[in-house]
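Data from final.txt: compact mmCIF, C-alpha atoms and all ligand atoms
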```txt
# COMPACT_ATOMS: atom_id res chain seq x y z
CA MET A 996 34.82 -34.83 34.14
CA ARG A 997 33.24 -32.89 36.99
CA HIS A 998 29.97 -34.80 36.48
CA ALA A 999 31.74 -38.17 36.37
CA ALA A 1000 33.37 -37.37 39.74
CA SER A 1001 29.95 -36.51 41.21
CA THR A 1002 28.24 -39.69 40.00
CA PRO A 1003 28.19 -41.40 43.42
CA ARG A 1004 26.32 -38.38 44.82
CA TYR A 1005 23.74 -38.59 42.01
CA ALA A 1006 23.08 -42.22 43.03
CA ALA A 1007 21.03 -40.86 45.94
CA LEU A 1008 18.46 -39.77 43.34
CA LEU A 1009 17.87 -43.30 42.02
CA PRO A 1010 14.96 -44.13 44.37
CA VAL A 1011 13.00 -41.07 43.16
CA LEU A 1012 13.54 -41.59 39.41
CA GLY A 1013 10.22 -41.98 37.63
CA ARG A 1014 8.25 -40.77 40.65
CA PRO A 1015 6.27 -37.58 41.19
CA LEU A 1016 7.61 -34.85 43.48
CA GLU A 1017 4.55 -35.38 45.69
CA GLY A 1018 5.99 -38.75 46.80
CA VAL A 1019 9.25 -37.12 47.90
CA LEU A 1020 7.37 -34.43 49.83
CA ALA A 1021 5.29 -37.16 51.51
CA ARG A 1022 8.45 -39.01 52.54
CA PHE A 1023 9.56 -35.89 54.40
CA GLY A 1024 6.05 -35.32 55.86
CA VAL A 1025 5.47 -31.99 54.07
CA ALA A 1026 3.13 -33.02 51.20
CA GLY A 1027 0.17 -31.43 53.00
CA PHE A 1028 1.92 -28.23 54.11
CA ALA A 1029 -0.21 -25.75 52.14
CA PRO A 1030 2.23 -22.78 51.75
CA LEU A 1031 5.05 -25.06 50.49
CA ARG A 1032 2.64 -26.97 48.27
CA GLN A 1033 1.29 -23.80 46.70
CA TYR A 1034 4.77 -22.41 46.11
CA LEU A 1035 5.97 -25.67 44.54
CA ASP A 1036 2.83 -26.14 42.42
CA GLY A 1037 3.41 -22.67 40.94
CA LEU A 1038 7.14 -23.21 40.46
CA CYS A 1039 6.69 -26.64 38.84
CA GLN A 1040 3.92 -25.37 36.56
CA ILE A 1041 6.11 -22.62 35.05
CA THR A 1042 9.22 -24.79 34.75
CA VAL A 1043 8.49 -28.51 34.29
CA GLN A 1044 4.97 -27.68 33.05
CA CYS A 1045 2.87 -29.65 35.54
CA GLY A 1046 2.06 -29.57 39.26
CA VAL A 1047 3.62 -31.36 42.24
CA ALA A 1048 1.28 -34.38 41.94
CA GLU A 1049 2.59 -35.15 38.43
CA ALA A 1050 6.10 -33.64 38.14
CA GLU A 1051 9.05 -36.04 37.64
CA ALA A 1052 10.93 -35.64 40.95
CA PRO A 1053 14.56 -35.01 39.85
CA PHE A 1054 13.50 -32.43 37.24
CA ALA A 1055 11.22 -30.73 39.78
CA MET A 1056 13.91 -30.75 42.47
CA ALA A 1057 16.33 -29.06 40.09
CA THR A 1058 13.89 -26.16 39.70
CA MET A 1059 13.44 -25.89 43.50
CA ASP A 1060 16.96 -24.51 43.56
CA TYR A 1061 15.73 -21.30 41.84
CA TYR A 1062 14.65 -19.88 45.17
CA PHE A 1063 18.27 -19.97 46.33
CA ARG A 1064 20.03 -19.21 43.05
CA GLY A 1065 17.63 -16.51 41.85
CA THR A 1066 16.85 -15.88 38.19
CA GLY A 1067 18.83 -14.08 35.50
CA HIS A 1068 17.49 -11.07 33.64
CA VAL A 1069 18.51 -9.91 30.18
CA ARG A 1070 18.61 -6.12 30.15
CA GLY A 1071 16.77 -4.85 27.08
CA GLY A 1072 14.59 -7.95 26.84
CA ILE A 1073 15.10 -11.32 25.20
CA GLY A 1074 15.53 -9.66 21.78
CA ALA A 1075 18.81 -8.17 23.02
CA LEU A 1076 20.11 -11.69 23.69
CA ALA A 1077 18.93 -12.88 20.26
CA TRP A 1078 20.83 -10.03 18.53
CA ALA A 1079 23.95 -10.77 20.58
CA LEU A 1080 23.81 -14.41 19.42
CA VAL A 1081 23.40 -13.33 15.79
CA ARG A 1082 26.51 -11.13 16.05
CA VAL A 1083 28.56 -13.96 17.56
CA VAL A 1084 27.52 -16.35 14.76
CA GLU A 1085 28.51 -13.74 12.17
CA ARG A 1086 31.82 -13.00 13.90
CA LEU A 1087 32.62 -16.72 13.74
CA GLY A 1088 32.04 -16.76 10.00
CA GLY A 1089 28.42 -17.98 10.00
CA GLU A 1090 25.59 -16.41 8.06
CA VAL A 1091 22.17 -15.58 9.53
CA ARG A 1092 19.30 -15.12 7.09
CA MET A 1093 16.27 -13.32 8.47
CA ALA A 1094 12.75 -13.64 7.05
CA SER A 1095 13.80 -16.74 5.13
CA ARG A 1096 11.40 -19.41 6.24
CA VAL A 1097 12.40 -23.01 5.48
CA ARG A 1098 9.51 -24.52 3.52
CA SER A 1099 10.77 -28.03 2.80
CA LEU A 1100 13.55 -30.39 3.78
CA GLU A 1101 14.58 -33.32 1.66
CA PRO A 1102 17.30 -35.93 2.19
CA VAL A 1103 19.68 -36.06 -0.79
CA PRO A 1104 22.94 -38.00 -1.25
CA GLY A 1105 25.51 -36.58 1.19
CA GLY A 1106 23.03 -34.49 3.20
CA PHE A 1107 19.89 -32.42 2.82
CA ARG A 1108 18.32 -29.90 0.49
CA ALA A 1109 16.32 -27.15 2.21
CA GLY A 1110 13.86 -25.14 0.17
CA THR A 1111 13.68 -21.64 1.69
CA ARG A 1112 11.96 -18.37 0.88
CA SER A 1113 15.28 -17.03 -0.42
CA GLY A 1114 16.37 -20.06 -2.40
CA GLU A 1115 17.79 -23.54 -1.94
CA ILE A 1116 20.41 -24.49 0.66
CA ARG A 1117 22.44 -27.71 0.73
CA ALA A 1118 23.79 -29.01 4.03
CA ARG A 1119 25.69 -32.05 5.21
CA GLN A 1120 24.08 -31.79 8.66
CA VAL A 1121 20.81 -30.06 9.63
CA ILE A 1122 20.01 -28.95 13.17
CA ALA A 1123 16.31 -28.13 13.29
CA ASN A 1124 15.13 -25.71 15.98
CA LEU A 1125 11.50 -26.74 15.54
CA LEU A 1126 8.66 -28.57 17.24
CA PRO A 1127 8.62 -32.25 16.19
CA GLN A 1128 5.32 -31.80 14.33
CA ASP A 1129 6.76 -28.85 12.38
CA LEU A 1130 9.88 -30.82 11.45
CA ARG A 1131 7.68 -33.75 10.35
CA ALA A 1132 5.67 -31.40 8.14
CA LEU A 1133 8.85 -29.92 6.59
CA LEU A 1134 10.05 -33.42 5.72
CA GLY A 1135 6.63 -34.31 4.34
CA ALA A 1136 6.93 -37.52 6.40
CA ALA A 1137 3.87 -39.77 6.55
CA PRO A 1138 2.60 -40.65 10.07
CA GLY A 1139 4.55 -43.68 11.30
CA ALA A 1140 7.58 -43.02 9.06
CA LEU A 1141 9.56 -41.42 11.90
CA PRO A 1142 8.23 -42.97 15.13
CA ARG A 1143 10.47 -40.88 17.40
CA LEU A 1144 9.08 -37.64 15.94
CA ASP A 1145 5.51 -39.01 16.23
CA ARG A 1146 6.06 -39.82 19.91
CA LEU A 1147 7.59 -36.43 20.67
CA ALA A 1148 4.81 -34.65 18.76
CA ARG A 1149 2.18 -36.47 20.86
CA ASP A 1150 3.97 -35.40 24.05
CA VAL A 1151 4.05 -31.76 22.92
CA GLU A 1152 0.35 -31.91 21.96
CA GLY A 1153 -0.45 -33.06 25.52
CA GLY A 1154 1.13 -29.83 26.78
CA TRP A 1155 0.28 -26.18 26.78
CA GLY A 1156 -0.41 -23.00 24.94
CA ALA A 1157 -0.24 -19.55 26.57
CA ALA A 1158 -2.63 -16.64 27.00
CA MET A 1159 -0.82 -13.34 27.44
CA LEU A 1160 -1.19 -9.75 28.55
CA TYR A 1161 1.69 -7.48 27.54
CA LEU A 1162 1.30 -4.34 29.67
CA VAL A 1163 3.02 -1.01 30.21
CA ALA A 1164 2.37 0.51 33.64
CA ARG A 1165 3.56 3.56 35.56
CA ALA A 1166 5.86 2.26 38.27
CA PRO A 1167 4.03 2.52 41.61
CA GLU A 1168 5.71 4.28 44.51
CA GLY A 1169 8.04 1.93 46.34
CA ALA A 1170 8.32 -0.55 43.44
CA SER A 1171 11.64 -2.40 43.40
CA ALA A 1172 14.00 -0.93 40.79
CA ALA A 1173 15.21 -4.42 39.94
CA ALA A 1174 13.63 -6.63 37.30
CA HIS A 1175 11.53 -9.17 39.19
CA HIS A 1176 8.70 -11.67 38.98
CA LEU A 1177 5.31 -12.04 40.64
CA GLU A 1178 3.56 -15.38 40.82
CA LEU A 1179 -0.14 -14.86 41.52
CA VAL A 1180 -2.70 -17.56 42.39
CA GLN A 1181 -6.39 -16.70 42.69
CA ASP A 1182 -7.71 -20.04 44.02
CA PRO A 1183 -5.01 -22.41 45.35
CA ARG A 1184 -7.46 -25.36 45.21
CA ALA A 1185 -8.16 -24.97 41.47
CA PRO A 1186 -5.76 -25.98 38.66
CA PHE A 1187 -2.90 -23.51 38.12
CA THR A 1188 -4.06 -22.77 34.55
CA GLU A 1189 -6.56 -20.74 32.48
CA GLY A 1190 -6.01 -17.45 34.33
CA ASN A 1191 -6.15 -18.89 37.86
CA HIS A 1192 -2.35 -18.75 38.03
CA LEU A 1193 -0.38 -15.82 36.58
CA PHE A 1194 3.34 -15.44 36.04
CA VAL A 1195 4.34 -11.78 35.77
CA SER A 1196 7.77 -10.59 34.59
CA VAL A 1197 8.36 -6.94 35.52
CA SER A 1198 11.17 -5.10 33.70
CA GLY A 1199 13.79 -3.17 35.70
CA ALA A 1200 14.01 0.61 36.07
CA ALA A 1201 17.36 0.52 34.22
CA ASP A 1202 15.82 -1.35 31.27
CA GLU A 1203 15.98 1.61 28.91
CA GLY A 1204 14.05 1.64 25.66
CA ARG A 1205 11.32 -0.76 26.72
CA ALA A 1206 8.84 1.71 28.24
CA PRO A 1207 8.59 5.52 28.71
CA PRO A 1208 10.59 6.94 31.65
CA GLY A 1209 9.03 6.02 34.98
CA HIS A 1210 7.16 3.11 33.39
CA ARG A 1211 7.78 -0.66 33.27
CA THR A 1212 6.71 -3.52 31.06
CA LEU A 1213 4.75 -6.41 32.59
CA THR A 1214 4.60 -9.70 30.69
CA VAL A 1215 1.71 -11.69 32.16
CA SER A 1216 1.15 -15.31 31.14
CA THR A 1217 -1.07 -18.25 32.05
CA HIS A 1218 -1.25 -21.85 30.79
CA VAL A 1219 -3.91 -22.88 28.26
CA PRO A 1220 -4.57 -26.65 27.90
CA LEU A 1221 -3.96 -27.19 24.18
CA ALA A 1222 -6.16 -30.28 23.90
CA LYS A 1223 -9.14 -28.27 25.18
CA HIS A 1224 -8.31 -25.30 22.92
CA ARG A 1225 -7.90 -27.59 19.89
CA ALA A 1226 -11.22 -29.35 20.52
CA LEU A 1227 -13.19 -26.09 20.27
CA PRO A 1228 -14.60 -24.98 16.90
CA PRO A 1229 -12.44 -22.07 15.58
CA GLY A 1230 -15.28 -19.60 16.25
CA GLN A 1231 -15.28 -20.49 19.96
CA GLN A 1232 -11.52 -20.45 20.51
CA GLY A 1233 -11.50 -16.63 20.53
CA SER A 1234 -14.19 -16.35 23.22
CA TYR A 1235 -12.45 -19.08 25.31
CA ILE A 1236 -9.19 -17.12 25.25
CA GLY A 1237 -11.08 -13.83 25.82
CA ALA A 1238 -12.60 -15.28 29.00
CA ILE A 1239 -9.16 -16.42 30.21
CA GLN A 1240 -7.70 -12.96 29.57
CA ALA A 1241 -10.60 -11.38 31.51
CA ARG A 1242 -9.80 -13.71 34.42
CA MET A 1243 -6.14 -12.67 34.14
CA ARG A 1244 -7.09 -8.98 34.46
CA GLU A 1245 -9.28 -9.78 37.50
CA GLY A 1246 -6.39 -11.67 39.12
CA LEU A 1247 -3.95 -8.84 38.52
CA ALA A 1248 -6.45 -6.29 39.90
CA ALA A 1249 -7.04 -8.40 43.04
CA LEU A 1250 -3.47 -9.52 43.76
CA ALA A 1251 -1.25 -6.78 42.29
CA PRO A 1252 -3.51 -3.67 42.33
CA GLU A 1253 -0.49 -1.34 42.59
CA TRP A 1254 0.44 -2.37 39.02
CA SER A 1255 -3.04 -3.03 37.63
CA GLU A 1256 -4.26 0.50 38.53
CA ASN A 1257 -1.35 2.07 36.67
CA VAL A 1258 -1.61 0.26 33.32
CA VAL A 1259 -1.36 2.72 30.39
CA HIS A 1260 -1.03 0.31 27.45
CA ALA A 1261 -2.05 -3.31 26.84
CA LEU A 1262 -1.64 -5.91 24.12
CA THR A 1263 -2.90 -9.50 24.22
CA ALA A 1264 -1.73 -12.79 22.71
CA SER A 1265 -3.04 -16.34 22.42
CA PRO A 1266 -1.95 -19.72 20.98
CA ARG A 1267 -2.94 -18.33 17.57
CA THR A 1268 -0.45 -15.47 18.03
CA PHE A 1269 2.39 -17.89 18.85
CA ALA A 1270 1.45 -20.08 15.87
CA ARG A 1271 1.47 -17.10 13.52
CA PHE A 1272 4.57 -15.24 14.72
CA THR A 1273 6.84 -18.05 15.94
CA GLY A 1274 5.67 -20.76 13.52
CA ARG A 1275 4.88 -23.24 16.32
CA ALA A 1276 2.10 -25.70 15.31
CA GLY A 1277 -1.11 -24.95 17.22
CA GLY A 1278 0.76 -22.35 19.31
CA ALA A 1279 2.32 -25.04 21.52
CA VAL A 1280 4.85 -23.62 24.00
CA GLY A 1281 6.71 -24.98 27.02
CA GLY A 1282 7.99 -28.18 25.43
CA VAL A 1283 7.17 -31.62 26.81
CA PRO A 1284 5.60 -31.55 30.30
CA ARG A 1285 7.91 -33.52 32.60
CA ARG A 1286 5.22 -35.79 34.03
CA ALA A 1287 6.61 -38.63 36.18
CA GLY A 1288 8.12 -41.39 34.07
CA LEU A 1289 11.48 -42.82 33.08
CA GLY A 1290 11.01 -41.98 29.38
CA HIS A 1291 12.46 -38.48 29.92
CA TYR A 1292 15.92 -39.96 30.55
CA LEU A 1293 16.03 -41.82 27.23
CA SER A 1294 16.75 -38.55 25.42
CA VAL A 1295 19.45 -37.24 27.80
CA TRP A 1296 22.15 -37.65 25.10
CA PRO A 1297 21.64 -35.92 21.75
CA ARG A 1298 21.12 -38.32 18.87
CA PRO A 1299 20.02 -37.67 15.31
CA VAL A 1300 16.40 -38.16 14.23
CA GLN A 1301 17.82 -39.69 11.08
CA ASP A 1302 21.27 -39.64 9.57
CA GLY A 1303 22.47 -36.01 9.49
CA LEU A 1304 19.29 -34.54 11.01
CA TRP A 1305 19.24 -33.29 14.61
CA MET A 1306 16.74 -31.49 16.83
CA VAL A 1307 17.29 -28.70 19.34
CA GLY A 1308 14.85 -26.50 21.23
CA ASP A 1309 12.40 -26.92 24.05
CA SER A 1310 10.91 -30.27 22.91
CA VAL A 1311 14.19 -32.10 23.55
CA PHE A 1312 16.37 -32.53 26.66
CA PRO A 1313 16.78 -30.63 28.93
CA GLY A 1314 13.58 -28.84 27.84
CA GLN A 1315 12.06 -25.42 28.27
CA SER A 1316 13.78 -22.06 29.05
CA THR A 1317 16.37 -19.90 27.39
CA LEU A 1318 19.14 -21.48 29.45
CA ALA A 1319 17.95 -25.07 28.92
CA THR A 1320 17.60 -24.68 25.14
CA ALA A 1321 21.04 -23.05 24.98
CA ILE A 1322 22.61 -25.94 26.94
CA GLY A 1323 20.83 -28.46 24.69
CA GLY A 1324 22.11 -26.58 21.63
CA VAL A 1325 25.72 -26.61 22.82
CA ARG A 1326 25.59 -30.34 23.57
CA THR A 1327 24.07 -31.07 20.17
CA ALA A 1328 26.69 -28.93 18.40
CA GLU A 1329 29.41 -30.91 20.22
CA SER A 1330 27.85 -34.20 19.10
CA VAL A 1331 27.65 -33.02 15.49
CA ALA A 1332 31.26 -31.79 15.62
CA ARG A 1333 32.36 -35.18 16.97
CA ARG A 1334 30.58 -36.97 14.12
CA LEU A 1335 32.31 -34.73 11.61
CA GLY A 1336 35.67 -35.19 13.31
CA LEU A 1337 35.83 -31.49 14.22
CA ALA A 1338 35.66 -31.83 18.02
CA ARG A 1339 38.31 -30.09 20.06
CA GLY A 1340 39.88 -31.84 23.04
CA GLY A 1341 39.08 -30.94 26.64
CA GLY A 1342 36.69 -31.93 29.42
C1 LIG B 1 4.79 -16.98 27.96
C2 LIG B 1 6.17 -17.52 28.04
C3 LIG B 1 7.05 -16.98 28.95
C4 LIG B 1 8.36 -17.48 29.04
N1 LIG B 1 9.22 -16.93 29.95
C5 LIG B 1 10.49 -17.37 30.02
C6 LIG B 1 11.41 -16.79 30.92
O1 LIG B 1 11.09 -15.85 31.66
N2 LIG B 1 12.68 -17.29 30.95
C7 LIG B 1 13.07 -18.32 30.13
O2 LIG B 1 14.23 -18.73 30.19
N3 LIG B 1 12.20 -18.89 29.26
C8 LIG B 1 10.93 -18.45 29.20
N4 LIG B 1 10.06 -19.02 28.32
C9 LIG B 1 10.50 -20.19 27.55
C10 LIG B 1 11.30 -19.80 26.34
O3 LIG B 1 10.65 -18.77 25.64
C11 LIG B 1 11.40 -21.04 25.45
O4 LIG B 1 11.89 -22.15 26.19
C12 LIG B 1 12.33 -20.79 24.27
O5 LIG B 1 11.89 -19.69 23.49
C13 LIG B 1 12.32 -22.01 23.39
O6 LIG B 1 13.30 -21.83 22.43
P1 LIG B 1 13.28 -22.66 21.09
O7 LIG B 1 14.53 -22.26 20.39
O8 LIG B 1 13.00 -24.09 21.38
O9 LIG B 1 12.00 -22.17 20.25
P2 LIG B 1 11.60 -20.75 19.68
O10 LIG B 1 11.95 -19.68 20.68
O11 LIG B 1 10.17 -20.90 19.28
O12 LIG B 1 12.54 -20.52 18.41
C14 LIG B 1 12.29 -21.16 17.17
C15 LIG B 1 12.69 -20.19 16.06
O13 LIG B 1 12.57 -20.85 14.80
C16 LIG B 1 11.93 -19.97 13.88
N5 LIG B 1 11.24 -20.80 12.88
C17 LIG B 1 10.11 -21.54 13.04
N6 LIG B 1 9.80 -22.19 11.90
C18 LIG B 1 10.76 -21.86 11.01
C19 LIG B 1 10.99 -22.23 9.63
N7 LIG B 1 10.18 -23.07 8.94
N8 LIG B 1 12.05 -21.69 8.99
C20 LIG B 1 12.91 -20.84 9.64
N9 LIG B 1 12.74 -20.47 10.94
C21 LIG B 1 11.67 -20.98 11.61
C22 LIG B 1 10.98 -19.14 14.72
O14 LIG B 1 10.68 -17.93 14.07
C23 LIG B 1 11.79 -18.95 16.00
O15 LIG B 1 12.62 -17.82 15.90
C24 LIG B 1 8.75 -18.53 28.21
C25 LIG B 1 7.86 -19.07 27.27
C26 LIG B 1 6.59 -18.57 27.19
C27 LIG B 1 5.64 -19.14 26.17
```

Written as structure tokens, how would this file's structure read?
Amino acid sequence: MRHAASTPRYAALLPVLGRPLEGVLARFGVAGFAPLRQYLDGLCQITVQCGVAEAEAPFAMATMDYYFRGTGHVRGGIGALAWALVRVVERLGGEVRMASRVRSLEPVPGGFRAGTRSGEIRARQVIANLLPQDLRALLGAAPGALPRLDRLARDVEGGWGAAMLYLVARAPEGASAAAHHLELVQDPRAPFTEGNHLFVSVSGAADEGRAPPGHRTLTVSTHVPLAKHRALPPGQQGSYIGAIQARMREGLAALAPEWSENVVHALTASPRTFARFTGRAGGAVGGVPRRAGLGHYLSVWPRPVQDGLWMVGDSVFPGQSTLATAIGGVRTAESVARRLGLARGGG
């Protein structure tokens, strides 16, 4: 109801629908203001997954609010949130099966049959938290059989992988005790990818159990263009990622030496790591880049891929981030409940 009441205010956004943020900045005469441009290019890259020149304006403007709202931090790391969700599902009577990969999904009368590592499961409705290409593979669907999945898969393939440094460092004198982020750019005129742009999440001093006393974890990431990574022969992918990670270390040493000089432990990761440990085809992360275009609004309301089969996760609206995927999940659950006649009243 609240949104319905605000609709007239949203009408002010109509002229910028389908246009890049750059056009809006130009309208206000600030497109060439380098400090703002650099800040927004970095912000858009880590949220809507492309820079100011390409980013769909309303999506990009929503992320500009971060500066004022700040970001949330899960004490104990994202795993703590995952365990909390598992406990809630169990408390509500659900069952969570770990290490039970779904290997196949087949429509059967009245629902679906899922073949899993720990046996067969029958379901009236399936909500798949997968990339579109992974869902297509589970279904064994031929190309062209599910055009919506094909389209989404192409959009994801035009996106990104990530190169990572997972570091433990002694906290330098004067470091903020709060969990915080650093956004580092080596050359503002070059693309904000491949180690030129780094996003660093620093854990808080009160984040017990993540690092030895007096130390913090630093999660350092940069965007890897998947199309370029995919086009390389497998033997060259490793050296490509190695070069990016070297550039990341240089950037950290130049722009955050207080942390870089105090690193005591380091692990790395690449698109191959994400593919192996999170089961994401090709190591694709970040969902669908929100490049200017009206197509993004076609998927604002959850709808099944086929009867009884739904998608959630960062490839569908509203897109990437823990919060966005959670909101998308809640909306999808409400739609499924409505279909099954289980929806509760309320606004
Ligand atoms: C480097 C990096 C940094 C990020 N930083 C932040 C941040 O600071 N804040 C933020 O909000 N977001 C951040 N994100 C984004 C956030 O991680 C994603 O938006 C979110 O994880 C997407 O959730 P998802 O449920 O779509 O997919 P996933 O998190 O990939 O979850 C899918 C799950 O399905 C499981 N799975 C896959 N295949 C199968 C199968 N066949 N059978 C059974 N299970 C299967 C996987 O194991 C996985 O647990 C970051 C992402 C990256 C890559």

Can you tell me, as a list of chain:residue names, which residues sit within 12 Å of (-9.4, -28.2, 22.3) in the file's frame, using only C-alpha atoms?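 Residues close enough to count: A:Glu1152, A:Gly1153, A:Gly1154, A:Trp1155, A:Gly1156, A:Val1219, A:Pro1220, A:Leu1221, A:Ala1222, A:Lys1223, A:His1224, A:Arg1225, A:Ala1226, A:Leu1227, A:Pro1228, A:Pro1229, A:Gln1231, A:Gln1232, A:Gly1233, A:Tyr1235, A:Ile1236, A:Pro1266, A:Gly1277.
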
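Here atom C21 of ligand LIG 1 (chain B) and CA of Tyr1161 (chain A) stand 23.1 Å from one another.
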
How many Å separate CA of Ala1321 (chain A) from atom O14 of ligand LIG 1 (chain B)? 15.9 Å

Do a neighbour search on region 1082-1092 of chain A at 12 Å with all atoms listed in the file, toss out local chain neighbours closer than 6 positions, and write the hits as a PyMOL selection string. chain A and resi 1075-1076+1111-1114+1116

Name each residue within 7 Å of ligand LIG 1 (chain B), counting only C-alpha atoms and all ligand atoms, as a short mmCIF file (atom, residue, chain, number, x, y, z; two decimals) with C-alpha atoms, in the coordinates of the input.
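Result written to out_35.cif:
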```cif
data_model
loop_
_atom_site.label_atom_id
_atom_site.label_comp_id
_atom_site.auth_asym_id
_atom_site.auth_seq_id
_atom_site.Cartn_x
_atom_site.Cartn_y
_atom_site.Cartn_z
CA SER A 1095 13.80 -16.74 5.13
CA ARG A 1096 11.40 -19.41 6.24
CA VAL A 1097 12.40 -23.01 5.48
CA ARG A 1098 9.51 -24.52 3.52
CA ASN A 1124 15.13 -25.71 15.98
CA LEU A 1125 11.50 -26.74 15.54
CA ALA A 1157 -0.24 -19.55 26.57
CA MET A 1159 -0.82 -13.34 27.44
CA SER A 1196 7.77 -10.59 34.59
CA SER A 1216 1.15 -15.31 31.14
CA PHE A 1272 4.57 -15.24 14.72
CA THR A 1273 6.84 -18.05 15.94
CA GLY A 1274 5.67 -20.76 13.52
CA ARG A 1275 4.88 -23.24 16.32
CA VAL A 1280 4.85 -23.62 24.00
CA GLY A 1281 6.71 -24.98 27.02
CA VAL A 1307 17.29 -28.70 19.34
CA GLY A 1308 14.85 -26.50 21.23
CA ASP A 1309 12.40 -26.92 24.05
CA SER A 1310 10.91 -30.27 22.91
CA GLN A 1315 12.06 -25.42 28.27
CA SER A 1316 13.78 -22.06 29.05
CA THR A 1317 16.37 -19.90 27.39
CA LEU A 1318 19.14 -21.48 29.45
CA THR A 1320 17.60 -24.68 25.14
#
```

Name all residues at most 12 Å from region 1206-1210 of chain A (count all atoms listed in the file; drop same-chain ones fewer than 5 positions away) and give them as an NGL selection string. :A and (1071-1072 or 1161-1168 or 1170 or 1172 or 1197-1201 or 1254 or 1257-1260)

Around all listed atoms of region 1317-1324 of chain A, padded 6 Å per side, what centre and edge lengths does the axis-aligned box have in Å to one decimal, as lines of an AutoDock Vina configuration file?
```
center_x = 19.5
center_y = -24.2
center_z = 25.5
size_x = 18.2
size_y = 20.6
size_z = 19.8
```

Between CA of Pro1104 (chain A) and CA of Gln1128 (chain A), what is the distance, to one decimal in Å?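 Those two atoms sit 24.3 Å apart.
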
Identify the residues within 6 Å of coordinate (15.0, -10.8, 39.2) (same frame as the file), considering only C-alpha atoms, and give the answer as a PyMOL selection string. chain A and resi 1066+1174-1175

Please determine, counting all atoms listed in the file, which residue among A:Gly1246, A:Gly1013, A:Gly1105, A:Gly1074 has the shortest atom-to-atom distance to Gly1190 (chain A).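 Between A:Gly1246, A:Gly1013, A:Gly1105, A:Gly1074, the residue approaching Gly1190 (chain A) most closely is A:Gly1246.
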
My list of candidates is A:Met1059, A:Val1121, A:Leu1289, A:Leu1147. Which is closest to Val1311 (chain A) when distances are computed with all atoms listed in the file?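 For Val1311 (chain A), the nearest of the given residues is A:Leu1147.
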
Of the candidates A:Arg1244, A:Arg1205, A:Arg1334, A:Arg1298, which shows the shortest atom-to-atom distance to Gln1181 (chain A), using all atoms listed in the file? A:Arg1244
